[in-house]
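Participant: This is final10.pdb (PDB, C-alpha atoms).
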ATOM      1  CA  GLY A   5       0.000   0.000   0.000
ATOM      2  CA  MET A   6       0.834   3.670  -0.136
ATOM      3  CA  VAL A   7       2.905   5.157   2.666
ATOM      4  CA  LEU A   8       2.843   8.862   3.547
ATOM      5  CA  THR A   9       6.116  10.692   3.180
ATOM      6  CA  GLU A  10       7.553  12.780   5.979
ATOM      7  CA  LYS A  11       6.383  15.952   4.198
ATOM      8  CA  ALA A  12       2.850  14.582   3.816
ATOM      9  CA  LEU A  13       2.747  13.702   7.516
ATOM     10  CA  ALA A  14       3.939  17.221   8.384
ATOM     11  CA  LEU A  15       1.173  18.769   6.265
ATOM     12  CA  ILE A  16      -1.743  16.925   7.930
ATOM     13  CA  GLU A  17      -2.227  19.327  10.835
ATOM     14  CA  PRO A  18      -1.834  22.632   8.895
ATOM     15  CA  LEU A  19      -4.141  21.300   6.155
ATOM     16  CA  ASN A  20      -6.783  20.378   8.733
ATOM     17  CA  ILE A  21      -6.549  23.903  10.152
ATOM     18  CA  LEU A  22      -6.796  25.381   6.652
ATOM     19  CA  ILE A  23      -9.872  23.256   5.795
ATOM     20  CA  THR A  24     -11.554  24.344   9.034
ATOM     21  CA  GLN A  25     -10.860  27.992   8.222
ATOM     22  CA  LEU A  26     -12.239  27.539   4.690
ATOM     23  CA  HIS A  27     -15.444  26.086   6.143
ATOM     24  CA  LEU A  28     -15.725  29.109   8.441
ATOM     25  CA  ILE A  29     -15.232  31.481   5.501
ATOM     26  CA  HIS A  30     -17.844  29.614   3.448
ATOM     27  CA  ASP A  31     -20.376  29.552   6.276
ATOM     28  CA  THR A  32     -19.911  33.194   7.283
ATOM     29  CA  GLU A  33     -22.812  35.363   6.110
ATOM     30  CA  PRO A  34     -22.967  39.169   6.350
ATOM     31  CA  ALA A  35     -25.237  40.299   9.160
ATOM     32  CA  PHE A  36     -27.028  43.523   9.999
ATOM     33  CA  ASN A  37     -28.923  44.459  13.138
ATOM     34  CA  PRO A  38     -30.649  47.830  12.697
ATOM     35  CA  GLU A  39     -31.160  48.110  16.452
ATOM     36  CA  LEU A  40     -27.442  47.888  17.238
ATOM     37  CA  ASP A  41     -25.237  48.295  14.176
ATOM     38  CA  GLN A  42     -23.421  51.408  13.051
ATOM     39  CA  ARG A  43     -23.757  52.300   9.379
ATOM     40  CA  ILE A  44     -23.829  55.235   6.958
ATOM     41  CA  PHE A  45     -26.255  54.782   4.063
ATOM     42  CA  ARG A  46     -26.003  56.980   0.985
ATOM     43  CA  ILE A  47     -29.203  57.501  -1.010
ATOM     44  CA  ALA A  48     -29.364  59.467  -4.249
ATOM     45  CA  VAL A  49     -32.768  61.061  -4.859
ATOM     46  CA  SER A  50     -33.254  63.142  -7.998
ATOM     47  CA  ASP A  51     -34.998  66.531  -7.971
ATOM     48  CA  SER A  52     -37.815  64.919  -9.934
ATOM     49  CA  ALA A  53     -38.287  62.301  -7.235
ATOM     50  CA  VAL A  54     -37.765  64.215  -4.014
ATOM     51  CA  VAL A  55     -41.074  66.084  -4.207
ATOM     52  CA  SER A  56     -42.929  62.763  -4.477
ATOM     53  CA  ILE A  57     -41.279  61.166  -1.463
ATOM     54  CA  SER A  58     -40.425  64.106   0.803
ATOM     55  CA  ASN A  59     -42.961  62.938   3.412
ATOM     56  CA  THR A  60     -41.492  59.437   3.211
ATOM     57  CA  ILE A  61     -37.978  60.785   3.719
ATOM     58  CA  VAL A  62     -39.026  62.692   6.835
ATOM     59  CA  GLN A  63     -40.863  59.650   8.230
ATOM     60  CA  PHE A  64     -37.916  57.393   7.424
ATOM     61  CA  LEU A  65     -35.472  59.643   9.313
ATOM     62  CA  CYS A  66     -37.843  59.856  12.297
ATOM     63  CA  ASP A  67     -38.202  56.053  12.412
ATOM     64  CA  LEU A  68     -34.490  55.163  12.415
ATOM     65  CA  PRO A  69     -34.028  52.565  15.173
ATOM     66  CA  ASN A  70     -30.776  53.889  16.618
ATOM     67  CA  GLY A  71     -28.521  56.948  16.549
ATOM     68  CA  ASN A  72     -25.661  55.036  14.951
ATOM     69  CA  ILE A  73     -27.477  54.674  11.626
ATOM     70  CA  LYS A  74     -26.832  57.772   9.563
ATOM     71  CA  ILE A  75     -28.382  58.697   6.219
ATOM     72  CA  GLU A  76     -26.598  60.850   3.662
ATOM     73  CA  PHE A  77     -28.646  62.112   0.738
ATOM     74  CA  VAL A  78     -26.322  62.675  -2.196
ATOM     75  CA  HIS A  79     -26.398  63.597  -5.875
ATOM     76  CA  TYR A  80     -25.635  61.131  -8.605
ATOM     77  CA  VAL A  81     -24.391  61.578 -12.151
ATOM     78  CA  PRO A  82     -26.624  59.591 -14.558
ATOM     79  CA  GLN A  83     -23.688  58.832 -16.838
ATOM     80  CA  GLN A  84     -21.689  57.445 -13.893
ATOM     81  CA  ILE A  85     -24.433  55.627 -12.007
ATOM     82  CA  ASN A  86     -22.900  52.158 -12.465
ATOM     83  CA  LYS A  87     -19.505  53.338 -11.222
ATOM     84  CA  GLN A  88     -20.968  55.185  -8.234
ATOM     85  CA  LEU A  89     -23.003  52.139  -7.180
ATOM     86  CA  GLU A  90     -20.136  49.718  -7.748
ATOM     87  CA  GLN A  91     -17.727  51.820  -5.670
ATOM     88  CA  ASP A  92     -20.295  52.253  -2.878
ATOM     89  CA  GLU A  93     -20.431  56.004  -3.336
ATOM     90  CA  ILE A  94     -24.203  55.476  -3.245
ATOM     91  CA  ASN A  95     -26.308  52.540  -2.001
ATOM     92  CA  LEU A  96     -29.702  53.348  -3.518
ATOM     93  CA  VAL A  97     -30.892  55.570  -6.358
ATOM     94  CA  ILE A  98     -34.463  56.858  -6.590
ATOM     95  CA  ASP A  99     -35.455  58.556  -9.824
ATOM     96  CA  LEU A 100     -37.927  58.540 -12.696
ATOM     97  CA  GLU A 101     -37.854  55.221 -14.513
ATOM     98  CA  ASN A 102     -36.879  56.828 -17.830
ATOM     99  CA  ASN A 103     -33.682  58.180 -16.247
ATOM    100  CA  LEU A 104     -32.447  54.820 -14.936
ATOM    101  CA  PRO A 105     -30.626  51.932 -16.663
ATOM    102  CA  ASP A 106     -32.493  48.669 -17.264
ATOM    103  CA  GLN A 107     -29.757  46.200 -16.371
ATOM    104  CA  LEU A 108     -29.646  46.756 -12.584
ATOM    105  CA  PRO A 109     -32.102  45.329 -10.025
ATOM    106  CA  SER A 110     -34.858  47.727  -9.006
ATOM    107  CA  LEU A 111     -38.329  48.156  -7.547
ATOM    108  CA  LEU A 112     -41.196  50.270  -8.870
ATOM    109  CA  LEU A 113     -42.266  52.705  -6.148
ATOM    110  CA  ILE A 114     -44.935  54.809  -7.872
ATOM    111  CA  ASP A 115     -46.880  54.173 -11.081
ATOM    112  CA  GLU A 116     -49.747  56.560 -11.726
ATOM    113  CA  ASP A 117     -51.319  58.879 -14.269
ATOM    114  CA  PHE A 118     -51.248  62.660 -14.690
ATOM    115  CA  VAL A 119     -54.132  65.084 -14.198
ATOM    116  CA  LEU A 120     -54.711  68.705 -15.162
ATOM    117  CA  CYS A 121     -54.241  70.846 -12.065
ATOM    118  CA  PHE A 122     -55.432  74.444 -11.467
ATOM    119  CA  GLY A 123     -56.341  76.894  -8.718
ATOM    120  CA  LYS A 124     -59.741  76.931  -7.048
ATOM    121  CA  HIS A 125     -60.588  80.231  -8.738
ATOM    122  CA  HIS A 126     -59.854  79.082 -12.318
ATOM    123  CA  PRO A 127     -62.805  79.397 -14.787
ATOM    124  CA  ILE A 128     -62.650  75.691 -15.728
ATOM    125  CA  LYS A 129     -63.419  74.781 -12.113
ATOM    126  CA  THR A 130     -67.127  74.488 -13.040
ATOM    127  CA  GLN A 131     -66.489  72.076 -15.918
ATOM    128  CA  GLU A 132     -66.673  68.315 -15.541
ATOM    129  CA  SER A 133     -64.396  67.590 -18.494
ATOM    130  CA  LEU A 134     -62.366  69.189 -21.270
ATOM    131  CA  SER A 135     -61.903  68.515 -24.964
ATOM    132  CA  ILE A 136     -58.341  68.095 -26.171
ATOM    133  CA  GLU A 137     -58.676  71.393 -28.065
ATOM    134  CA  GLU A 138     -59.718  73.188 -24.861
ATOM    135  CA  TYR A 139     -56.843  71.568 -22.996
ATOM    136  CA  CYS A 140     -54.255  72.760 -25.530
ATOM    137  CA  SER A 141     -55.613  76.331 -25.589
ATOM    138  CA  LEU A 142     -55.157  76.897 -21.845
ATOM    139  CA  GLN A 143     -52.106  78.679 -20.406
ATOM    140  CA  HIS A 144     -49.836  75.832 -19.318
ATOM    141  CA  VAL A 145     -46.821  75.810 -17.060
ATOM    142  CA  ILE A 146     -44.603  72.744 -17.040
ATOM    143  CA  VAL A 147     -42.190  71.385 -14.462
ATOM    144  CA  ASN A 148     -38.890  70.366 -15.977
ATOM    145  CA  THR A 149     -36.271  69.501 -13.357
ATOM    146  CA  ASP A 150     -33.682  68.046 -15.719
ATOM    147  CA  ASP A 151     -33.176  70.709 -18.412
ATOM    148  CA  ASN A 152     -34.438  74.054 -19.637
ATOM    149  CA  SER A 153     -36.746  72.661 -22.288
ATOM    150  CA  PHE A 154     -40.276  73.969 -22.885
ATOM    151  CA  SER A 155     -41.638  70.466 -23.395
ATOM    152  CA  GLY A 156     -42.266  67.331 -21.374
ATOM    153  CA  TYR A 157     -43.592  63.778 -21.624
ATOM    154  CA  THR A 158     -47.124  65.090 -22.172
ATOM    155  CA  ASP A 159     -45.981  67.004 -25.249
ATOM    156  CA  ILE A 160     -44.649  63.792 -26.791
ATOM    157  CA  THR A 161     -48.100  62.240 -26.349
ATOM    158  CA  LEU A 162     -49.819  65.320 -27.801
ATOM    159  CA  LYS A 163     -47.470  65.426 -30.780
ATOM    160  CA  GLY A 164     -48.405  61.845 -31.597
ATOM    161  CA  LEU A 165     -52.063  62.914 -31.638
ATOM    162  CA  GLY A 166     -51.367  65.941 -33.848
ATOM    163  CA  TYR A 167     -51.738  68.588 -31.113
ATOM    164  CA  LYS A 168     -49.553  71.159 -29.389
ATOM    165  CA  ARG A 169     -50.402  72.939 -26.153
ATOM    166  CA  ASN A 170     -49.807  76.573 -25.216
ATOM    167  CA  ILE A 171     -46.862  76.561 -22.762
ATOM    168  CA  GLN A 172     -46.388  79.828 -20.903
ATOM    169  CA  HIS A 173     -43.615  79.027 -18.430
ATOM    170  CA  SER A 174     -41.153  76.223 -17.612
ATOM    171  CA  LEU A 175     -40.420  75.828 -13.888
ATOM    172  CA  SER A 176     -37.756  73.773 -12.150
ATOM    173  CA  HIS A 177     -39.658  72.804  -8.970
ATOM    174  CA  PHE A 178     -43.067  71.250  -8.323
ATOM    175  CA  SER A 179     -43.515  73.350  -5.178
ATOM    176  CA  VAL A 180     -43.121  76.562  -7.196
ATOM    177  CA  ALA A 181     -45.625  75.269  -9.751
ATOM    178  CA  THR A 182     -48.355  74.519  -7.186
ATOM    179  CA  GLU A 183     -47.978  77.943  -5.555
ATOM    180  CA  TYR A 184     -48.066  79.623  -8.972
ATOM    181  CA  LEU A 185     -51.225  77.729  -9.922
ATOM    182  CA  TYR A 186     -52.898  78.893  -6.727
ATOM    183  CA  LYS A 187     -52.118  82.545  -7.551
ATOM    184  CA  SER A 188     -52.639  82.538 -11.326
ATOM    185  CA  GLN A 189     -54.969  81.542 -14.152
ATOM    186  CA  SER A 190     -52.543  78.916 -15.445
ATOM    187  CA  VAL A 191     -52.814  75.138 -15.434
ATOM    188  CA  CYS A 192     -50.249  72.380 -15.041
ATOM    189  CA  THR A 193     -50.281  68.662 -15.842
ATOM    190  CA  LEU A 194     -48.999  66.917 -12.723
ATOM    191  CA  PRO A 195     -48.853  63.413 -11.238
ATOM    192  CA  ARG A 196     -52.125  62.751  -9.411
ATOM    193  CA  HIS A 197     -50.613  62.292  -5.949
ATOM    194  CA  LEU A 198     -48.805  65.652  -6.084
ATOM    195  CA  VAL A 199     -52.112  67.456  -6.566
ATOM    196  CA  GLN A 200     -53.739  65.521  -3.737
ATOM    197  CA  GLN A 201     -50.806  66.255  -1.388
ATOM    198  CA  SER A 202     -50.405  69.931  -2.286
ATOM    199  CA  ASN A 203     -50.242  72.524   0.488
ATOM    200  CA  TYR A 204     -52.461  74.759  -1.632
ATOM    201  CA  PRO A 205     -56.201  74.289  -2.339
ATOM    202  CA  LEU A 206     -56.058  73.039  -5.926
ATOM    203  CA  ASP A 207     -58.557  71.315  -8.211
ATOM    204  CA  PHE A 208     -57.982  68.959 -11.097
ATOM    205  CA  LEU A 209     -59.652  67.406 -14.128
ATOM    206  CA  GLU A 210     -58.890  64.168 -15.922
ATOM    207  CA  LEU A 211     -56.876  64.579 -19.114
ATOM    208  CA  PRO A 212     -58.856  64.416 -22.386
ATOM    209  CA  PHE A 213     -56.398  61.832 -23.769
ATOM    210  CA  THR A 214     -54.586  58.743 -22.510
ATOM    211  CA  SER A 215     -52.173  59.952 -19.863
ATOM    212  CA  PRO A 216     -48.467  59.130 -19.905
ATOM    213  CA  ARG A 217     -47.335  57.289 -16.775
ATOM    214  CA  TYR A 218     -45.421  58.777 -13.881
ATOM    215  CA  LYS A 219     -43.095  55.984 -12.756
ATOM    216  CA  LEU A 220     -40.696  56.315  -9.859
ATOM    217  CA  ARG A 221     -38.184  53.532  -9.343
ATOM    218  CA  MET A 222     -35.593  52.526  -6.717
ATOM    219  CA  LEU A 223     -32.370  50.935  -7.968
ATOM    220  CA  TRP A 224     -29.235  49.353  -6.456
ATOM    221  CA  HIS A 225     -26.154  47.420  -7.587
ATOM    222  CA  SER A 226     -26.506  43.679  -8.231
ATOM    223  CA  LYS A 227     -23.580  42.944  -5.879
ATOM    224  CA  LYS A 228     -25.774  44.255  -3.028
ATOM    225  CA  GLN A 229     -28.707  42.035  -3.929
ATOM    226  CA  ASN A 230     -28.329  39.859  -0.811
ATOM    227  CA  ASP A 231     -26.578  42.341   1.460
ATOM    228  CA  PRO A 232     -28.760  42.341   4.617
ATOM    229  CA  ALA A 233     -28.096  46.026   5.353
ATOM    230  CA  ILE A 234     -29.153  47.126   1.867
ATOM    231  CA  GLN A 235     -32.110  44.732   1.997
ATOM    232  CA  TRP A 236     -33.228  46.403   5.228
ATOM    233  CA  LEU A 237     -32.776  49.871   3.710
ATOM    234  CA  ARG A 238     -34.707  49.227   0.510
ATOM    235  CA  ASN A 239     -37.485  47.359   2.355
ATOM    236  CA  LYS A 240     -37.943  50.336   4.695
ATOM    237  CA  VAL A 241     -38.120  52.792   1.803
ATOM    238  CA  TYR A 242     -40.368  50.529  -0.272
ATOM    239  CA  PHE A 243     -42.960  49.876   2.415
ATOM    240  CA  LEU A 244     -43.046  53.495   3.575
ATOM    241  CA  ILE A 245     -43.867  54.599   0.042
ATOM    242  CA  LYS A 246     -46.217  51.766  -0.849
ATOM    243  CA  GLY A 247     -47.989  51.841   2.509
ATOM    244  CA  GLN A 248     -48.994  48.889   4.624
ATOM    245  CA  THR A 249     -51.176  47.046   2.109
ATOM    246  CA  LEU A 250     -48.459  44.712   0.893
ATOM    247  CA  SER A 251     -46.514  44.499   4.148
ATOM    248  CA  ASN A 252     -49.628  43.217   5.941
ATOM    249  CA  ASN A 253     -50.020  40.395   3.421
ATOM    250  CA  PRO A 254     -48.346  37.312   5.007
ATOM    251  CA  SER A 255     -47.867  35.650   1.621
ATOM    252  CA  PHE A 256     -45.922  38.629   0.231
ATOM    253  CA  ASN A 257     -42.133  38.324   0.180
ATOM    254  CA  ILE A 258     -40.275  41.257  -1.311
ATOM    255  CA  MET A 259     -37.352  39.019  -2.356
ATOM    256  CA  ASN A 260     -39.689  37.038  -4.593
ATOM    257  CA  ILE A 261     -40.189  40.069  -6.820
ATOM    258  CA  ILE A 262     -36.611  41.378  -6.785
ATOM    259  CA  ARG A 263     -34.773  39.610  -9.543
ATOM    260  CA  ASN A 264     -32.062  41.094 -11.706
ATOM    261  CA  ASN A 265     -33.223  41.652 -15.304
ATOM    262  CA  THR A 266     -36.722  40.244 -14.606
ATOM    263  CA  VAL A 267     -37.872  42.478 -11.743
ATOM    264  CA  ARG A 268     -40.103  44.628 -13.959
ATOM    265  CA  THR A 269     -41.980  41.580 -15.260
ATOM    266  CA  HIS A 270     -42.614  40.370 -11.701
ATOM    267  CA  LEU A 271     -43.818  43.797 -10.643
ATOM    268  CA  LYS A 272     -46.231  44.032 -13.572
ATOM    269  CA  CYS A 273     -47.698  40.702 -12.457
ATOM    270  CA  LEU A 274     -47.943  41.948  -8.883
ATOM    271  CA  TYR A 275     -49.808  45.149  -9.778
ATOM    272  CA  SER A 276     -52.100  43.485 -12.322
ATOM    273  CA  HIS A 277     -53.789  41.586  -9.463
ATOM    274  CA  GLN A 278     -54.522  44.636  -7.331
TER     275      GLN A 278
END
Kindly present the structure from the file in structure tokens form.

Facilitator:
Amino acid sequence: GMVLTEKALALIEPLNILITQLHLIHDTEPAFNPELDQRIFRIAVSDSAVVSISNTIVQFLCDLPNGNIKIEFVHYVPQQINKQLEQDEINLVIDLENNLPDQLPSLLLIDEDFVLCFGKHHPIKTQESLSIEEYCSLQHVIVNTDDNSFSGYTDITLKGLGYKRNIQHSLSHFSVATEYLYKSQSVCTLPRHLVQQSNYPLDFLELPFTSPRYKLRMLWHSKKQNDPAIQWLRNKVYFLIKGQTLSNNPSFNIMNIIRNNTVRTHLKCLYSHQ
């Protein structure tokens, strides 16, 4: 039979130690305890998104379980989003779906239509509906947080229908737009929830054409897919925005709908049953 050499005999103990250490490395999983751990999270929220989730942000900061968890809200460069996520310069990005890449895992936070918003004293307040011609003839202001253009997603829809609206001003902030509507005879096409949450008494009418969708999405790097700290962070943000409807459903597991490259398909299935 085979006989171990002196070198082989000498290697038995260090190899056993090495194998034990390899098992420990393999079995070691990252852990995160929000009640005890210390961590700085960096979240990038675009100007377009912040107005939609400002209440959520405030609630999230108030609900942090311990003083050692710190949140830093930072800017991100769309052209460098992959690099910033990969190098942990940011942990989560929240922005309009059209501004985000498709190849990274994400969750849809808001998906809703637009409505025509105006002040309580506007002449169209007494109308129940508008024709598309009436809509286009009104004095419109638009909110464009990304550039100085006098057009938006609604104008793309109108162009496809052969119409063009009368745009009076282009504003960079939703809050400025709602105050201006309250004090003027102008109108603005806004996401439904922004009108309902406005600090000013505003009215709205349904659009006289099929509305484009306002979609807000949360995105992270695929290497953080199973990181328990990032899982905790995105779950907190997700459920604060979506409310308690899904979180109270015992059969709902957020990890079942987070899948790289297929997450949007899963989410469409989820929402189609609501």

Participant: Compile the contact shell of Leu211 in chain A as a PDB file with C-alpha atoms, in the frame of the given file: residues with an atom at most 7 Å away, counting all atoms listed in the file, same-chain residues fewer than 2 positions apart removed.

Facilitator:
ATOM      1  CA  VAL A 119     -54.132  65.084 -14.198  1.00  0.00           C
ATOM      2  CA  LEU A 120     -54.711  68.705 -15.162  1.00  0.00           C
ATOM      3  CA  LEU A 209     -59.652  67.406 -14.128  1.00  0.00           C
ATOM      4  CA  PHE A 213     -56.398  61.832 -23.769  1.00  0.00           C
ATOM      5  CA  SER A 215     -52.173  59.952 -19.863  1.00  0.00           C
TER       6      SER A 215
END

Participant: Can you tell me how far CA of Ile234 in chain A sits from CA of His197 in chain A, in Å to one decimal?

Facilitator: 27.4 Å

Participant: Can you list, as a list in words, the residues that the PyMOL selection byres ((chain A and resi 196) around 10) selects here?

Facilitator: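 That expression, the PyMOL selection byres ((chain A and resi 196) around 10), corresponds here to Glu116, Asp117, Phe118, Val119, Leu120, Cys121, Thr193, Leu194, Pro195, His197, Leu198, Val199, Gln200, Gln201, Phe208, Glu210 and Tyr218 of chain A.
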
Participant: For this structure, which residues satisfy the selection - the PyMOL selection byres ((chain A and resi 48-50) around 7) - when it is evaluated on the file as given? I want them as JSON, numbers by chain.

Facilitator: {"A": [46, 47, 51, 52, 53, 54, 77, 78, 79, 80, 94, 96, 97, 98, 99]}

Participant: Draw an axis-aligned box over all listed atoms of range 139-142 of chain A, pad each side with 8 Å, and write its centre and edge lengths in Å, one decimal, as AutoDock Vina command-line options.

Facilitator:
--center_x -55.5 --center_y 74.2 --center_z -23.7 --size_x 18.6 --size_y 21.3 --size_z 19.7

Participant: Write out as a PyMOL selection string each polymer residue whose atoms come within 7 Å of range 228-233 of chain A, counting all atoms listed in the file; drop sequence neighbours fewer than 2 positions from it.

Facilitator: chain A and resi 34-36+225-226+235-237

Participant: Evaluating the PyMOL selection byres ((chain A and resi 61-72) around 7) on the displayed file yields which residues, as a PyMOL selection string?

Facilitator: chain A and resi 38-43+57-60+73-74

Participant: If we count all atoms listed in the file, what is near range 145-149 of chain A at a cut-off of 12 Å, once residues fewer than 2 positions away on the same chain are taken out, given as a PyMOL selection string?

Facilitator: chain A and resi 50-55+99-100+103+120-122+140+142-143+151-159+169-185+188-195

Participant: If you measure from CA of Arg238 in chain A to CA of Asn203 in chain A, what distance in Å do you get, rounded to one decimal?

Facilitator: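 Here the two named atoms are 28.0 Å from each other.
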
Participant: In terms of the shortest atom-to-atom distance over all atoms listed in the file, which of A:Lys163, A:Ile23, A:Asp207, A:Arg217 is closest to Thr130 in chain A?

Facilitator: A:Asp207

Participant: For Ser141 in chain A, which of A:Gln84, A:Gly123, A:Tyr167, A:Ile245 is the closest residue, counting all atoms listed in the file?

Facilitator: A:Tyr167

Participant: Quick one, how far is CA of Lys227 in chain A from CA of Leu108 in chain A?

Facilitator: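 Between CA of Lys227 in chain A and CA of Leu108 in chain A the gap is 9.8 Å.
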
Participant: Pick the closest to Pro105 in chain A from A:Gly247, A:Pro127, A:Pro212, A:Pro82: which is it, counting all atoms listed in the file?

Facilitator: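 The answer is A:Pro82, which sits nearest to Pro105 in chain A.
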
Participant: Looking at A:Ser110, A:Ser135, A:Asn20, A:Asn102, which one is nearest to Pro216 in chain A, with distances taken over all atoms listed in the file?

Facilitator: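 Checking each of A:Ser110, A:Ser135, A:Asn20, A:Asn102 against Pro216 in chain A, counting all atoms listed in the file, the winner is A:Asn102.
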